[in-house]
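Comments concern the structure below.
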Amino acid sequence: MSPESPIIDCHCHAGKGDGLTGPWDTDAPLAGYLSRARAAGIDATIVFAAFGSDYERANREVARIVRGDPGRLLGFALVHPDRDSGRIASMIATAVTEHGLRGIKAHRHDARLTREVCEAARQWRLPLLYDVMGDVAPIELFATEYPQVAFIIPHLGSFADDWRAQRAFLDLLARHPNVHTDTSGVRRFDLLVEAVRRAGPHKVLFGSDGPWLHPGVELAKVKALGLAPDAQRLVLGGNLVRLLRRVRVPSAMPRAVAVRAELPSAADPWERRPA
Ligand SMILES: [Zn+2]
């Protein structure tokens with residue numbers, strides 16, 4: 001691995017939820033994930049909360065988890081487009097300036113993406129990871145309305161492997177310069193091959209959906225794409241570093257990434273300058 005090619009998992013959950021309806025809203029324990037990720041050669045991981053009833057509290061908890069391992073973790077803020085409506089701008093401002101979070105996560109299971117969420121992403125130039133749960137048509141609308149926002153649509157648009165949604169998504173991925181995807185949980189390998197071929201390696205990000213999926217298994221899947229070295233470097237971490245560099249406040253890049261990508265690390269004092 002050359003010094004300029006960090007491997008970053010762009011999709012992992014962390015912390016407790018209070019729903020008790022399934023693992024996704026009950027507990028996302030990181031200890032096992034982190035040892036698996038280390039063994040697989042993953043340098044750093046983006047974490048965000050599991051489903052729950054209070055995302056301000058959950059984002060504080062994610063920030064606390066990241067502070068416990070700043071060399072390897074960076075956090076995104078989770079927002080509920082409906083329940084948090086009216087206070088998303090202030091939640092994101094707090095998440096960025098006080099908690100050091102550097103992206104937004106939202107989920108169609110909670111509610112449809114709103115202008116309020118997109119505008120918060122635009123204001124801070126944060127990457128916006130939005131799980132559409134197969135509801136791919138609105139991507140056409142928000143990607144067009146918010147060309148400055150970098151959207152990451154995980155799972156090729158459907159964790160449930162709805163091939164109709166994933167196939168429709170490939171067209172959106174190829175056509176919209178600000179639409180990206182992650183590889184997490186995708187089982188139909190040929191659709192990943194097609195995503196890279198049609199949209200380009202700069203549109204596809206390695207992600208695992210840990211801790212529930214094994215990061216080493218998900219990483220092996222990306223390596224099995226057999227991409228040229230430059231393309232593979234983009235998918236494994238280069239794309240995410242590029243998106244984080246767009247953020248309006250200096251990114252508290254995990255040290256493992258900063259060292260490999262020759263970026264200023266979170267510990268560098270000049271990172272603390274105001275936006
Ligand atoms: Zn997920």
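By convention here, the chains of the structure tokens are called A, B, ... in the order presented, each chain's residues are numbered starting at 1, and ligands are numbered starting at 1 in the order presented.
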
Next on the checklist: Around ligand 1, which protein and nucleic acid residues have at least one atom no more than 7 Å from it, if we count only C-alpha atoms and all ligand atoms? List them as a PyMOL selection string.
Outcome noted: chain A and resi 11-13+209

Next on the checklist: Residues near Val257 of chain A, anyone? I mean within 7 Å using only C-alpha atoms, not counting same-chain ones fewer than 5 positions away, as a PyMOL selection string.
Outcome noted: chain A and resi 6+43-44

Write a file of the selected residues as an mmCIF file, in the first residue's frame, keeping C-alpha atoms.
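Result saved to part29.cif:
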data_model
loop_
_atom_site.group_PDB
_atom_site.id
_atom_site.type_symbol
_atom_site.label_atom_id
_atom_site.label_comp_id
_atom_site.auth_asym_id
_atom_site.auth_seq_id
_atom_site.Cartn_x
_atom_site.Cartn_y
_atom_site.Cartn_z
ATOM 1 C CA PRO A 6 -5.727 5.120 2.672
ATOM 2 C CA ASP A 43 -7.247 2.647 8.023
ATOM 3 C CA ALA A 44 -10.272 4.678 9.014
#

Item to check | Selection: 9 Å around His176 of chain A, only C-alpha atoms, excl. self and same-chain fewer than 3 positions, as a PyMOL selection string | outcome: chain A and resi 140+143-144+147+171-173+179-180+199

Suppose we keep N, CA and C atoms; can you now write the selection as a compact mmCIF listing (two decimals), in the first residue's frame?
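New file again09.txt:
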# COMPACT_ATOMS: atom_id res chain seq x y z
N GLU A 140 -33.38 12.10 -8.83
CA GLU A 140 -33.38 13.00 -9.99
C GLU A 140 -33.65 14.45 -9.56
N ALA A 143 -30.80 15.80 -6.70
CA ALA A 143 -29.47 15.95 -7.31
C ALA A 143 -29.46 17.14 -8.26
N THR A 144 -30.60 17.41 -8.91
CA THR A 144 -30.70 18.54 -9.83
C THR A 144 -30.86 19.85 -9.08
N PRO A 147 -27.04 20.95 -6.95
CA PRO A 147 -25.85 20.45 -7.67
C PRO A 147 -24.57 20.61 -6.87
N ASP A 171 -28.51 4.46 -13.75
CA ASP A 171 -28.66 5.55 -14.71
C ASP A 171 -28.46 6.90 -14.03
N LEU A 172 -29.05 7.07 -12.83
CA LEU A 172 -28.91 8.33 -12.09
C LEU A 172 -27.45 8.55 -11.68
N LEU A 173 -26.81 7.48 -11.26
CA LEU A 173 -25.40 7.54 -10.84
C LEU A 173 -24.52 8.00 -12.01
N VAL A 179 -23.88 12.67 -7.72
CA VAL A 179 -24.43 11.45 -7.10
C VAL A 179 -23.36 10.37 -7.07
N HIS A 180 -23.15 9.84 -5.85
CA HIS A 180 -22.17 8.77 -5.63
C HIS A 180 -22.90 7.58 -5.01
N ALA A 199 -20.47 4.75 -14.50
CA ALA A 199 -20.41 6.04 -13.80
C ALA A 199 -18.97 6.48 -13.57

Checklist outcome for this item: Pairwise distance, atom CA of Lys203 of chain A with atom CA of Lys223 of chain A, equals 16.1 Å

Item to check | Expected answer as a PyMOL selection string: helix (DSSP H, G or I) residues in segment 24-210 of chain A | outcome: chain A and resi 24-25+31-40+55-68+88-97+115-124+137-145+154-157+163-175+189-199+201-203

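When atom CA of Ser85 of chain A is paired with atom CA of Gly15 of chain A, their separation reads 23.1 Å.
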
Item to check | Residues near Thr114 of chain A, cut-off 12 Å, only C-alpha atoms, skip fewer than 2 positions along chain, as an MDAnalysis selection string | outcome: chainID A and resid 79:86 88 106:108 110:112 116:121 128 130 138:139 141:142 145:146

Checklist entry - Could you pull out all residues of segment 23-139 of chain A with a DSSP call of strand (DSSP E) and give them as a PyMOL selection string? => result chain A and resi 27-28+44-48+73-75+77-78+104-107+128-131

Item to check | Asp190 of chain A surroundings by only C-alpha atoms, 12 Å radius, close-in-sequence under 4 positions cut, as an MDAnalysis selection string | outcome: chainID A and resid 156 163 166:167 170 183 186 194:198 221:222 224:225

Checklist entry - How many Å lie between atom CA of Arg187 of chain A and atom CA of Trp24 of chain A, rounded to one decimal? => result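 Between atom CA of Arg187 of chain A and atom CA of Trp24 of chain A the gap is 19.2 Å.
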
Checklist entry - Contacts of Gly32 of chain A at 10 Å or less, counting only C-alpha atoms, minus same-chain residues fewer than 4 places along, as an NGL selection string? => result :A and (36-37 or 210-212 or 214)

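Considering the residues A:Ala77, A:Ala150, A:Val132, A:Ile42 and counting only C-alpha atoms, Arg245 of chain A has its shortest atom-to-atom contact with A:Ala150.
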
Next on the checklist: From the options A:Tyr55, A:Phe151, A:Phe48, A:Tyr33, which residue's atoms come nearest to Leu243 of chain A, counting only C-alpha atoms?
Outcome noted: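 Among A:Tyr55, A:Phe151, A:Phe48, A:Tyr33, it is A:Phe151 that comes nearest to Leu243 of chain A.
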
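Among the candidate residues A:Lys105, A:Arg175, A:Arg246, A:Arg38, the one lying nearest to Gln148 of chain A is A:Arg246, with distances computed using only C-alpha atoms.
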